[in-house]
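Raw contents of entry_39.txt, compact mmCIF, C-alpha atoms and all ligand atoms:
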```txt
# COMPACT_ATOMS: atom_id res chain seq x y z
CA MET A 1 112.69 115.19 120.40
CA LEU A 2 110.20 112.63 119.11
CA THR A 3 108.37 113.24 115.85
CA VAL A 4 105.11 111.42 115.13
CA HIS A 5 104.38 111.04 111.43
CA HIS A 6 100.60 111.08 111.51
CA LEU A 7 98.26 110.13 108.68
CA ASN A 8 94.67 111.37 108.88
CA ASN A 9 92.13 108.76 110.04
CA SER A 10 94.74 106.21 110.91
CA ARG A 11 96.37 104.10 113.59
CA SER A 12 98.76 106.92 114.47
CA GLN A 13 95.90 108.49 116.47
CA ARG A 14 96.58 105.88 119.16
CA ILE A 15 100.22 107.05 119.42
CA LEU A 16 99.08 110.62 120.03
CA TRP A 17 96.76 109.34 122.77
CA LEU A 18 99.66 107.54 124.49
CA LEU A 19 102.01 110.53 124.29
CA GLU A 20 99.33 112.81 125.70
CA GLU A 21 98.68 110.39 128.57
CA LEU A 22 102.38 110.29 129.45
CA GLY A 23 102.88 114.03 128.98
CA VAL A 24 105.79 113.43 126.59
CA GLU A 25 106.72 116.35 124.35
CA TYR A 26 106.58 115.58 120.63
CA HIS A 27 106.53 117.19 117.25
CA LEU A 28 103.73 116.30 114.85
CA GLU A 29 104.05 115.91 111.07
CA THR A 30 100.68 115.40 109.44
CA TYR A 31 100.00 113.69 106.10
CA GLN A 32 96.76 113.24 104.15
CA ARG A 33 95.59 110.05 102.50
CA ASP A 34 95.19 110.04 98.72
CA PRO A 35 91.46 110.79 98.33
CA LYS A 36 91.07 108.17 95.58
CA THR A 37 93.13 105.24 96.85
CA GLY A 38 93.08 105.96 100.59
CA LEU A 39 96.81 105.20 100.63
CA ALA A 40 99.51 107.22 102.37
CA PRO A 41 101.32 109.85 100.27
CA ALA A 42 104.71 108.99 98.78
CA GLN A 43 106.52 111.40 101.17
CA MET A 44 105.95 108.90 103.97
CA LYS A 45 108.34 106.51 102.20
CA ALA A 46 111.11 109.06 102.71
CA ILE A 47 110.56 108.72 106.46
CA HIS A 48 110.40 104.92 106.50
CA PRO A 49 110.62 102.51 103.52
CA LEU A 50 107.24 100.95 104.39
CA GLY A 51 105.58 104.33 103.96
CA ARG A 52 102.75 103.51 106.38
CA SER A 53 101.46 105.18 109.47
CA PRO A 54 102.43 105.49 112.25
CA VAL A 55 106.14 106.21 112.09
CA LEU A 56 108.04 107.65 115.04
CA THR A 57 111.32 109.44 114.42
CA THR A 58 113.68 109.32 117.37
CA ASP A 59 117.31 110.38 117.90
CA THR A 60 118.35 106.95 116.64
CA GLY A 61 116.18 106.62 113.53
CA SER A 62 112.65 105.89 112.33
CA LEU A 63 110.49 103.26 113.92
CA ALA A 64 107.37 101.79 112.26
CA GLU A 65 104.63 99.39 113.52
CA SER A 66 102.36 100.80 116.18
CA GLY A 67 102.98 97.95 118.64
CA ALA A 68 106.73 98.52 118.49
CA ILE A 69 106.23 102.28 118.84
CA VAL A 70 103.94 101.82 121.86
CA GLU A 71 106.51 99.56 123.55
CA PHE A 72 109.36 101.94 122.73
CA ILE A 73 107.53 104.95 124.18
CA ILE A 74 106.40 103.13 127.33
CA ASN A 75 109.84 101.65 127.97
CA SER A 76 111.67 104.91 127.30
CA TYR A 77 109.31 107.47 128.85
CA GLY A 78 106.70 105.58 130.88
CA GLU A 79 108.51 105.59 134.22
CA GLY A 80 106.35 102.63 135.18
CA ARG A 81 103.13 104.07 133.77
CA PHE A 82 101.04 102.39 131.08
CA GLN A 83 102.47 98.97 131.77
CA PRO A 84 101.26 96.46 134.33
CA ALA A 85 102.82 96.02 137.71
CA ASP A 86 105.23 93.14 138.11
CA ASP A 87 102.54 90.48 138.31
CA SER A 88 102.70 87.50 136.03
CA LEU A 89 98.97 87.27 135.20
CA LEU A 90 98.73 90.99 134.39
CA ARG A 91 101.87 90.79 132.25
CA GLN A 92 100.40 87.88 130.31
CA GLN A 93 97.20 89.83 129.73
CA TYR A 94 99.24 92.85 128.71
CA TRP A 95 101.27 91.01 126.07
CA PHE A 96 98.27 89.09 124.80
CA TRP A 97 96.08 92.17 124.08
CA LEU A 98 99.03 94.28 122.95
CA HIS A 99 99.62 91.77 120.13
CA PHE A 100 96.03 90.60 119.58
CA ALA A 101 95.01 94.04 118.27
CA GLU A 102 97.19 94.01 115.15
CA GLY A 103 97.86 90.26 114.99
CA SER A 104 94.26 88.98 115.12
CA LEU A 105 91.68 91.76 115.15
CA MET A 106 92.96 93.91 112.32
CA PRO A 107 93.55 91.32 109.55
CA PRO A 108 89.84 90.49 108.99
CA ARG A 109 89.03 94.22 109.13
CA VAL A 110 91.67 95.00 106.51
CA ALA A 111 90.46 92.08 104.35
CA ALA A 112 86.90 93.49 104.45
CA LEU A 113 88.19 96.89 103.34
CA VAL A 114 90.31 95.43 100.54
CA PHE A 115 87.43 93.21 99.32
CA SER A 116 85.02 96.11 99.19
CA LYS A 117 87.52 98.23 97.22
CA ALA A 118 88.22 95.29 94.87
CA LYS A 119 84.47 94.93 94.15
CA ASP A 120 84.18 98.66 93.35
CA LYS A 121 87.10 98.48 90.91
CA MET A 122 85.87 95.38 89.07
CA PRO A 123 84.47 95.87 85.53
CA TRP A 124 80.69 95.73 85.99
CA LEU A 125 80.33 92.54 83.93
CA LEU A 126 82.63 90.65 86.30
CA ARG A 127 81.29 92.26 89.46
CA PRO A 128 78.62 89.65 90.34
CA LEU A 129 81.12 86.81 90.02
CA ALA A 130 83.87 88.67 91.90
CA SER A 131 81.39 89.55 94.67
CA LYS A 132 80.35 85.94 94.99
CA ILE A 133 83.94 84.78 95.37
CA LEU A 134 84.93 87.51 97.84
CA ASP A 135 81.72 87.08 99.88
CA GLY A 136 82.41 83.34 99.93
CA ILE A 137 85.87 83.93 101.41
CA THR A 138 84.39 86.31 103.99
CA GLU A 139 81.65 83.87 104.97
CA ALA A 140 84.01 80.92 105.14
CA TYR A 141 86.84 82.56 107.05
CA TYR A 142 87.16 86.26 107.83
CA GLY A 143 83.57 86.78 109.04
CA PRO A 144 83.50 83.95 111.60
CA ASN A 145 87.10 84.74 112.58
CA LEU A 146 86.24 88.36 113.44
CA LYS A 147 83.07 87.29 115.26
CA GLU A 148 85.01 84.84 117.45
CA SER A 149 87.61 87.50 118.27
CA MET A 150 84.92 90.04 119.13
CA LYS A 151 82.99 87.58 121.29
CA TYR A 152 86.17 86.84 123.20
CA THR A 153 86.96 90.55 123.62
CA GLU A 154 83.40 91.26 124.77
CA SER A 155 83.48 88.46 127.36
CA TYR A 156 86.82 89.75 128.67
CA LEU A 157 85.66 93.36 128.97
CA LYS A 158 82.51 92.26 130.81
CA ASN A 159 84.77 91.29 133.70
CA HIS A 160 87.72 93.66 133.39
CA GLU A 161 87.94 97.42 133.68
CA TRP A 162 90.94 97.72 131.35
CA PHE A 163 92.81 95.17 129.25
CA ALA A 164 95.59 94.60 131.76
CA GLY A 165 94.65 95.75 135.23
CA THR A 166 92.79 98.58 136.88
CA GLU A 167 94.48 101.35 134.89
CA PRO A 168 94.92 101.74 131.11
CA THR A 169 98.14 100.35 129.64
CA GLY A 170 99.78 99.94 126.25
CA ALA A 171 97.36 97.05 125.65
CA ASP A 172 94.45 99.53 125.71
CA VAL A 173 96.38 101.86 123.40
CA GLN A 174 96.74 99.05 120.86
CA MET A 175 93.12 97.86 121.22
CA ILE A 176 91.50 101.26 120.74
CA PHE A 177 91.92 101.45 116.95
CA PRO A 178 90.19 98.19 115.94
CA LEU A 179 87.45 98.68 118.53
CA GLU A 180 86.66 102.36 117.98
CA THR A 181 86.50 101.85 114.22
CA LEU A 182 83.97 99.03 114.68
CA VAL A 183 81.88 101.05 117.14
CA SER A 184 81.88 104.19 114.97
CA MET A 185 80.79 102.14 111.94
CA GLY A 186 77.80 100.87 113.91
CA ARG A 187 79.10 97.32 113.94
CA ALA A 188 79.36 96.81 117.68
CA ASP A 189 75.69 96.57 118.72
CA ALA A 190 76.23 93.00 119.84
CA TYR A 191 79.16 94.07 122.01
CA PRO A 192 77.94 96.47 124.75
CA ALA A 193 80.99 96.02 127.00
CA VAL A 194 83.25 96.93 124.08
CA ALA A 195 81.15 100.03 123.31
CA LYS A 196 81.28 101.08 126.99
CA TRP A 197 85.07 100.67 127.10
CA VAL A 198 85.47 102.76 123.91
CA GLU A 199 83.29 105.47 125.46
CA LYS A 200 85.48 105.44 128.59
CA VAL A 201 88.64 105.87 126.51
CA HIS A 202 87.10 108.68 124.46
CA ALA A 203 86.14 110.55 127.64
CA ARG A 204 89.73 110.73 128.88
CA PRO A 205 91.18 114.26 128.74
CA ALA A 206 94.40 112.93 127.14
CA TYR A 207 92.39 111.24 124.38
CA GLN A 208 90.54 114.51 123.76
CA ARG A 209 93.82 116.45 123.58
CA ALA A 210 95.15 113.89 121.09
CA LEU A 211 92.05 114.41 118.94
CA GLU A 212 92.52 118.19 118.96
CA LYS A 213 96.14 117.83 117.90
CA GLY A 214 95.63 115.12 115.27
CA GLY A 215 92.90 116.89 113.32
CA ARG A 216 89.92 115.23 111.71
CA TYR A 217 89.40 111.64 112.88
CA ASP A 218 86.21 109.87 111.82
CA TYR A 219 86.22 107.14 114.46
CA ALA A 220 85.75 109.09 117.69
N1 LIG M 301 100.40 96.92 111.58
C1 LIG M 301 100.80 98.24 111.16
C2 LIG M 301 99.84 98.73 110.09
C3 LIG M 301 100.27 100.02 109.43
C4 LIG M 301 99.23 100.48 108.42
O1 LIG M 301 98.80 99.73 107.55
N2 LIG M 301 98.82 101.76 108.54
C5 LIG M 301 97.81 102.29 107.66
C6 LIG M 301 97.05 103.40 108.37
S1 LIG M 301 95.90 102.87 109.55
C7 LIG M 301 98.44 102.98 106.46
O2 LIG M 301 99.48 103.59 106.58
N3 LIG M 301 97.75 102.92 105.34
C8 LIG M 301 98.11 103.64 104.16
C9 LIG M 301 98.96 102.83 103.21
O3 LIG M 301 99.14 101.61 103.41
O4 LIG M 301 99.43 103.44 102.25
C10 LIG M 301 100.81 99.15 112.41
O5 LIG M 301 100.13 98.83 113.39
O6 LIG M 301 101.52 100.15 112.41
```
Kindly present the structure from the file in structure tokens form.
Amino acid sequence: MLTVHHLNNSRSQRILWLLEELGVEYHLETYQRDPKTGLAPAQMKAIHPLGRSPVLTTDTGSLAESGAIVEFIINSYGEGRFQPADDSLLRQQYWFWLHFAEGSLMPPRVAALVFSKAKDKMPWLLRPLASKILDGITEAYYGPNLKESMKYTESYLKNHEWFAGTEPTGADVQMIFPLETLVSMGRADAYPAVAKWVEKVHARPAYQRALEKGGRYDYA
């Protein structure tokens, strides 16, 4: 039996969506973020040394990293579903988006979160200087980097129904977290095709079942 170690408001929501789509039976262990730090509770480190979410416990051990978990589930239980047909272009698209989500889209998002927390923690005398430095880094690198990635994603979704073919795949499962968080924070007005794709995912019965099981999730 698979166990999903699920942290509230986190990337593990995408794993629940995938399992619901595939109709795979699983057990759910839910954890709450520390209300002050937003970090995962220490018990998660007993499940996997990284102590981050998601973690999937299988008969052979504990697997972390959502991309690895998505590939494991699809390869073990997909029976051909949620991966592209044997077509080289679709496979390329599949691998690209599967890795782009955590490899390129998430780092500038995480940096923005860390910078904003760092500003809040700064002694008030140092805050103006710290803000100037952190805003400078954002303007010089993370801001334009995220914009480029979003422009590329928007142009792709204008011409494609799903990220790798005419049906959702693991690539869509990986892309939902960065994109739904942006949309729900009101930061996707310039990206209508992205917003439409997020709406389409949210309307899927399996996504709705995953939401019911996972508990409060602020991004859907
Ligand atoms: N790239 C990793 C990121 C894992 C990660 O940072 N998860 C966040 C939740 S969205 C987390 O556990 N944060 C709490 C913490 O770091 O203590 C993945 O896709 O699994």
Could you please extract the residues within 10 Å of ligand LIG 301 (chain M), counting only C-alpha atoms and all ligand atoms, and hand them back as a CSV table (one decimal) with C-alpha atoms, keeping the file's coordinate frame?
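What landed in selection39.csv:
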```
chain,number,residue,atom,x,y,z
A,6,HIS,CA,100.6,111.1,111.5
A,7,LEU,CA,98.3,110.1,108.7
A,8,ASN,CA,94.7,111.4,108.9
A,9,ASN,CA,92.1,108.8,110.0
A,10,SER,CA,94.7,106.2,110.9
A,11,ARG,CA,96.4,104.1,113.6
A,12,SER,CA,98.8,106.9,114.5
A,13,GLN,CA,95.9,108.5,116.5
A,14,ARG,CA,96.6,105.9,119.2
A,15,ILE,CA,100.2,107.0,119.4
A,32,GLN,CA,96.8,113.2,104.2
A,33,ARG,CA,95.6,110.0,102.5
A,34,ASP,CA,95.2,110.0,98.7
A,37,THR,CA,93.1,105.2,96.8
A,38,GLY,CA,93.1,106.0,100.6
A,39,LEU,CA,96.8,105.2,100.6
A,40,ALA,CA,99.5,107.2,102.4
A,41,PRO,CA,101.3,109.8,100.3
A,42,ALA,CA,104.7,109.0,98.8
A,44,MET,CA,106.0,108.9,104.0
A,45,LYS,CA,108.3,106.5,102.2
A,50,LEU,CA,107.2,101.0,104.4
A,51,GLY,CA,105.6,104.3,104.0
A,52,ARG,CA,102.8,103.5,106.4
A,53,SER,CA,101.5,105.2,109.5
A,54,PRO,CA,102.4,105.5,112.2
A,55,VAL,CA,106.1,106.2,112.1
A,63,LEU,CA,110.5,103.3,113.9
A,64,ALA,CA,107.4,101.8,112.3
A,65,GLU,CA,104.6,99.4,113.5
A,66,SER,CA,102.4,100.8,116.2
A,67,GLY,CA,103.0,98.0,118.6
A,68,ALA,CA,106.7,98.5,118.5
A,69,ILE,CA,106.2,102.3,118.8
A,70,VAL,CA,103.9,101.8,121.9
A,99,HIS,CA,99.6,91.8,120.1
A,101,ALA,CA,95.0,94.0,118.3
A,102,GLU,CA,97.2,94.0,115.2
A,103,GLY,CA,97.9,90.3,115.0
A,106,MET,CA,93.0,93.9,112.3
A,107,PRO,CA,93.6,91.3,109.6
A,110,VAL,CA,91.7,95.0,106.5
A,174,GLN,CA,96.7,99.0,120.9
A,177,PHE,CA,91.9,101.4,117.0
A,178,PRO,CA,90.2,98.2,115.9
```
Give me, as a Markdown table, each residue of range 24-65 of chain A that comes within 12 Å of range 205-212 of chain A, together with its shortest interatomic pair and the distance in Å at one decimal, counting all atoms listed in the file, with rows ordered by chain and rising residue number.
```
| residue | atom | partner | partner_atom | distance |
| --- | --- | --- | --- | --- |
| A:Val24 | CA | A:Ala206 | CA | 11.4 |
| A:Tyr26 | CA | A:Ala210 | CA | 11.6 |
| A:Leu28 | CA | A:Ala210 | CA | 10.9 |
```
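Considering only C-alpha atoms, the residue among A:Ala85, A:Leu2, A:Ala140, A:Ala193 positioned nearest to Asn159 in chain A is A:Ala193.
Candidate residues A:Leu126, A:Leu56, A:Ile73, A:Ala164 were compared for distance to Ser88 in chain A, and the nearest is A:Ala164, using all atoms listed in the file.
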* So which residues fall inside 10 Å of (86.0, 92.2, 123.3) if we count only C-alpha atoms? Mind giving them as a PyMOL selection string? -> chain A and resi 105+147-158+163+175+179+188+191-195+197
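Across the model, the gap from CA of Leu113 in chain A to CA of Tyr141 in chain A is 14.9 Å.
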* To do: Between CA of Ser62 in chain A and CA of Phe100 in chain A, measure the distance and give it in Å to one decimal.
  => 23.7 Å
* Asked: Taking all atoms listed in the file into account, which of A:Gly170, A:Trp95, A:Lys36, A:Gly136 comes nearest Asn75 in chain A?
  -> A:Gly170
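Here CA of Glu20 in chain A and CA of Lys213 in chain A stand 9.8 Å from one another.
For the residues A:Leu134, A:Leu90, A:Ala203, A:Ala220, ranking by smallest atom-to-atom distance to Glu180 in chain A using all atoms listed in the file places A:Ala220 first.
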* Residues within 9 Å of Phe115 in chain A, all atoms listed in the file, excluding chain neighbours under 6 positions, as an MDAnalysis selection string -> chainID A and resid 131 134:135 138
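Considering all atoms listed in the file, the residue among A:Met1, A:Val173, A:Leu98, A:Leu22 positioned nearest to Asp59 in chain A is A:Met1.
Proximity ranking of A:Asp172, A:Glu199, A:Asp218, A:Asp189 relative to Gln93 in chain A places A:Asp172 first, based on only C-alpha atoms.
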